[in-house]
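This report refers to the structure that appears directly beneath it.
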Amino acid sequence: MIERFRTNPSFGEIVARRFNRREVLQGLAAAAPALAIAPLRAREGVAVAPESPAFTSIRGSKDDRVILPAGYHYDVVIRWGDSLMRGVADLDPYSVVQGALLEEGAAQAQAGQFGYNCDAVNLFPVGSDGSRGLLCVNNEYTNDELLFPGRRFEDRRRPEAFRAYLLRYPQTVSYTQAAHGISVVEIQRIDGHWRALRTSALNRRVTGTSPIEIKGPARGATLMRTSYDREGVLVRGTLANCAGGRTPWGTYLSAEENIEDYFGNYAGLRARDDISPQVLEAHRRFWLWERSSFHGWEVVDSRFDVAREPTEALRFGWVVELDPYDPRRRPCKRTALGRFAHEGASPIIAADERVAVYMGDDEKFEYVYKFVTRDRYAADDPERNRDLLDHGTLYAARFDADGSGQWLPLVWSEQGPLSPATGYASQADVLIRTRAAADQLGATPMDRPEDVEPDPGTGRIYIACTKNESREPDRGAREYNGRSVEHGPNAPNPRGPNLRGHVIELIEEHGDHTGRRFRWELFLLAGNPQGGRLFTRYADALAHATRVDDAYYAGQSDAARLSGFGCPDNLGFDAAGHLWIATDGEQPDGMNNGVLACPTRGPDRGVVRRFMSAPVGAEVCGCEVTPDGATLFLSIQHPGEGGHITDLRSHWPDGGEAAPRPSVVAIRRRDGGPVGS
């Protein structure tokens with residue numbers, strides 16, 4: 001019998017073993033070129049330590065506005081509802097409170113407008129002078145209570161009232177489906193300001209109903225077939241698109257995350273006596289809704305009723321690849337990269353020219369993954385790279401207490417841990433049930449691993465673990481999301497409950513991003529250096545960081561130089577080598593979310609400074625820096641969340657009595673110099 005869950009040493013043993021075997025981190029790689037968008041690749045040599053960001057750290061804020069350090073300004077580049085196409089009118093944000101989105105034609109218009117709740121931002125150059133580009137932006141989900149009069153968040157706890165509202169206003173489903181997905185918009189820098197080119201032929205929307213091809217090992221699998229796609233090759237739509245990535249060959253990777261929020265009536269599926277055990281097993285490790293789903297689409301659209309379409313949900317939770325330069329080319333779901341709550345997908349070219357893609361599964365007690373292509377990247381032949389992500393090996397990470405780690409291959413075989421004997425019929429089955437396969441291999445459950453980003457200067461990997469309020473102070477196994485899991489602290493997740501999150505630094509053995517072994521360090525334990533205990537020794541942080549605002553900032557000791565923060569989410573790097581951290585969740589002293597920056601090497605390693613504060617209710621996403629370092633693009637997602645269309649908490653960015661609008665902003669220094677330097 002295959003061992004599913006490993007017995008770990010006591011936490012005291014973890015601390016002692018981890019500290020005694022700690023090594024000085026060496027073997028840094030050379031800095032990547034800064035003046036051109038070049039594929040991110042592993043390099044050899046020693047990177048120069050960047051200077052600490054030169055801006056003056058701002059204070060936290062509760063104001064309903066974007067706040068930046070002195071000497072900076074921002075442009076609102078594109079807002080929810082702005083037209084992307086000829087013949088489509090802009091949304092009037094002042095009319096939303098009057099029920100404009102319930103009117104005929106609203107959904108059709110939204111399909112040609114910038115989508116809602118922008119998340120990932122990636123820039124693709126147009127021309128050679130750096131003044132034009134294509135922004136690919138994810139539109140993750142909708143805050144329906146901020147869109148439709150009479151719709152309230154708490155209605156989800158009153159199924160009959162919720163259902164009655166949807167039956168009365170079925171157009172809310174078609175509207176919100178059109179607001180999901182991906183937006184592609186051409187932008188241009190004019191007189192130092194970035195502007196959207198609203199009628200560009202390259203502008204594009206991919207929505208919750210757009211046709212998307214299924215590619216890779218799960219294409220055509222029985223579990224991918226539905227009543228309207230009996231071959232399992234074509235999906236309608238992409239949903240819950242969170243973070244993303246840019247491939248070396250110039251395509252956009254969009255990661256489907258919390259897809260379970262869209263599928264209801266799981267109780268009805270389990271009540272059927274004609275459903276195969278394989279279907280139920282495939283759903284086991286996702287939080288499908290027993291009756292009404294979070295969005296309630298199943299009331300109007302039967303494909304989101306899992307009792308009526310048992311396998312439709314299995315066609316979501318993948319990484320979508322899109323060619324921003326060719327609107328005629330259909331996007332595709334790359335199933336070789338696995339099915340889970342993808343926060344993002346971050347590629348790097350390894351020394352042997354294969355490509356590694358790093359990913360996190362943004363759920364409590366889930367895993368960190370990487371995918372390594374079978375074939376090599378061909379810089380001189382883009383067509384050879386078109387299906388590079390369809391062949392390779394997916395790995396899940398095991399973090400050992402002594403600071404070492406292993407990548408565990410999720411590979412089907414006739415005999416072995418993932419085989420017919422353990423319930424896996426094929427590689428497609430392994431990938432559709434990625435989480436269960438990682439359980440089987442003994443991967444390490446983490447505290448919501450979100451963005452996983454390589455540093456272009458060193459090749460080290462940084463993992464944002466947002467938080468985990470369900471991690472317990474004491475050890476003990478409990479049922480969670482379809483399996484038994486150890487709920488107590490462990491070496492890479494040392495705090496329980498973990499309300500502030502942390503950032504882990506991962507170093508591939510010999511700098512080989514295709515390899516099977518790595519080392520890791522706790523880089524940042526988020527908290528409040530002024531309000532909690534600031535640990536300067538790694539072992540002390542592991543052993544004693546139990547309070548919500550306890551912090552460890554890579555060994556820094558001067559609390560006055562450090563900014564408190566919580567819930568790291570999206571990560572990014574600039575050309576100077578600074579790590580940018582966007583937050584999503586409760587901040588110290590109840591402040592708004594924002595963005596911070598710090599060096600990852602040199603004497604100021606871990607000196608975190610607050611750069612930006614977001615409007616009320618918003619999280620910040622993106623962290624895309626232009627190759628010249630002069631612009632930082634950020635998404636401001638769900639401003640006003642926690643309010644209601646009749647009781648708005650935010651009116652950003654339009655002000656007055658306008659409905660709040662998720663938007664992309666471009667931040668620049670007034671003197672045109674590199675952001676942060």
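Chain lettering (A, B, ...) mirrors the order of the structure tokens, residue numbering begins at 1 for each chain separately, and ligand numbering begins at 1 in order of display.
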Near range 522-545 of chain A, 9 Å: range 397-511 of chain A residue rows, closest pairs, only C-alpha atoms, as a tab-separated table:
```
residue	atom	partner	partner_atom	distance
A:Tyr462	CA	A:Phe523	CA	8.6
A:Asn490	CA	A:Leu542	CA	8.9
A:Ala491	CA	A:Leu542	CA	7.1
A:Pro492	CA	A:Leu522	CA	6.9
A:Asn493	CA	A:Leu542	CA	8.8
A:Pro494	CA	A:Leu542	CA	5.6
A:Arg495	CA	A:Ala545	CA	6.2
A:Gly496	CA	A:Ala545	CA	8.9
A:Leu499	CA	A:Gly527	CA	8.8
A:Arg500	CA	A:Ala526	CA	5.5
A:Gly501	CA	A:Ala526	CA	5.6
A:His502	CA	A:Leu525	CA	4.4
A:Val503	CA	A:Leu524	CA	5.0
A:Ile504	CA	A:Leu522	CA	4.7
A:Glu505	CA	A:Phe523	CA	5.7
A:Leu506	CA	A:Leu522	CA	8.9
```
Discussion item. Could you list, as a ChimeraX atom specification, every residue within 9 Å of Thr142 in chain A, counting only C-alpha atoms and ignoring same-chain residues fewer than 5 positions away?
Written reply: /A:116-117,147,176-177,179-180,295,638
Under the rule of at most 10 Å, produce a per-residue listing of range 543-628 of chain A near range 451-456 of chain A: chain, number, name, the closest pair of atoms, and the distance in Å, as JSON lines, using only C-alpha atoms.
```
{"residue": "A:Pro568", "atom": "CA", "partner": "A:Asp451", "partner_atom": "CA", "distance": 8.8}
{"residue": "A:Asp569", "atom": "CA", "partner": "A:Asp451", "partner_atom": "CA", "distance": 6.1}
{"residue": "A:Asn570", "atom": "CA", "partner": "A:Asp451", "partner_atom": "CA", "distance": 5.2}
{"residue": "A:Leu571", "atom": "CA", "partner": "A:Asp451", "partner_atom": "CA", "distance": 6.1}
{"residue": "A:Gly572", "atom": "CA", "partner": "A:Glu453", "partner_atom": "CA", "distance": 6.8}
{"residue": "A:Phe573", "atom": "CA", "partner": "A:Asp455", "partner_atom": "CA", "distance": 6.5}
{"residue": "A:Asp574", "atom": "CA", "partner": "A:Pro456", "partner_atom": "CA", "distance": 8.7}
{"residue": "A:Ala575", "atom": "CA", "partner": "A:Pro456", "partner_atom": "CA", "distance": 8.2}
{"residue": "A:Ala576", "atom": "CA", "partner": "A:Pro456", "partner_atom": "CA", "distance": 9.9}
{"residue": "A:Gly577", "atom": "CA", "partner": "A:Asp455", "partner_atom": "CA", "distance": 7.4}
{"residue": "A:His578", "atom": "CA", "partner": "A:Asp455", "partner_atom": "CA", "distance": 8.9}
{"residue": "A:Leu579", "atom": "CA", "partner": "A:Asp455", "partner_atom": "CA", "distance": 8.0}
{"residue": "A:Ile581", "atom": "CA", "partner": "A:Asp451", "partner_atom": "CA", "distance": 9.8}
{"residue": "A:Thr600", "atom": "CA", "partner": "A:Asp455", "partner_atom": "CA", "distance": 8.9}
```
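Minimum atom-to-atom distances from A:Leu134, A:Ala437, A:Leu314, A:Val77 to Ala201 in chain A were compared using only C-alpha atoms, and the lowest value belongs to A:Leu134.
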Practice prompt. If you run DSSP over the backbone, which residues in range 378-536 of chain A end up strand (DSSP E or B)? Put them as a ChimeraX atom specification.
Written response: /A:392-399,404-409,446-447,449-454,461-465,468,477-480,483-486,490,493,498,502-508,517-525,534-535
Residues within 12 Å of Val97 in chain A, only C-alpha atoms, excluding chain neighbours under 5 positions, as a compact mmCIF listing (two decimals) with C-alpha atoms, in the first residue's frame:
```txt
# COMPACT_ATOMS: atom_id res chain seq x y z
CA ASP A 92 -21.17 55.04 -17.34
CA LEU A 102 -29.66 44.91 -15.78
CA GLU A 145 -23.14 43.01 -4.83
CA LEU A 146 -21.31 46.03 -6.30
CA LEU A 147 -22.92 45.58 -9.72
CA PHE A 148 -26.62 44.84 -9.39
CA PRO A 149 -29.25 46.58 -7.23
CA GLY A 150 -31.03 44.07 -5.02
CA ARG A 151 -28.13 41.63 -5.09
CA HIS A 644 -22.89 47.24 -1.51
CA ILE A 645 -24.20 49.05 -4.55
CA THR A 646 -26.52 51.06 -2.28
CA ASP A 647 -23.83 51.58 0.37
CA LEU A 648 -20.55 52.07 -1.46
CA HIS A 651 -15.76 55.60 -5.49
CA GLU A 657 -21.03 58.99 -6.56
CA ALA A 658 -19.58 56.69 -9.22
CA ALA A 659 -19.42 52.93 -8.71
CA PRO A 660 -15.86 51.78 -7.92
```
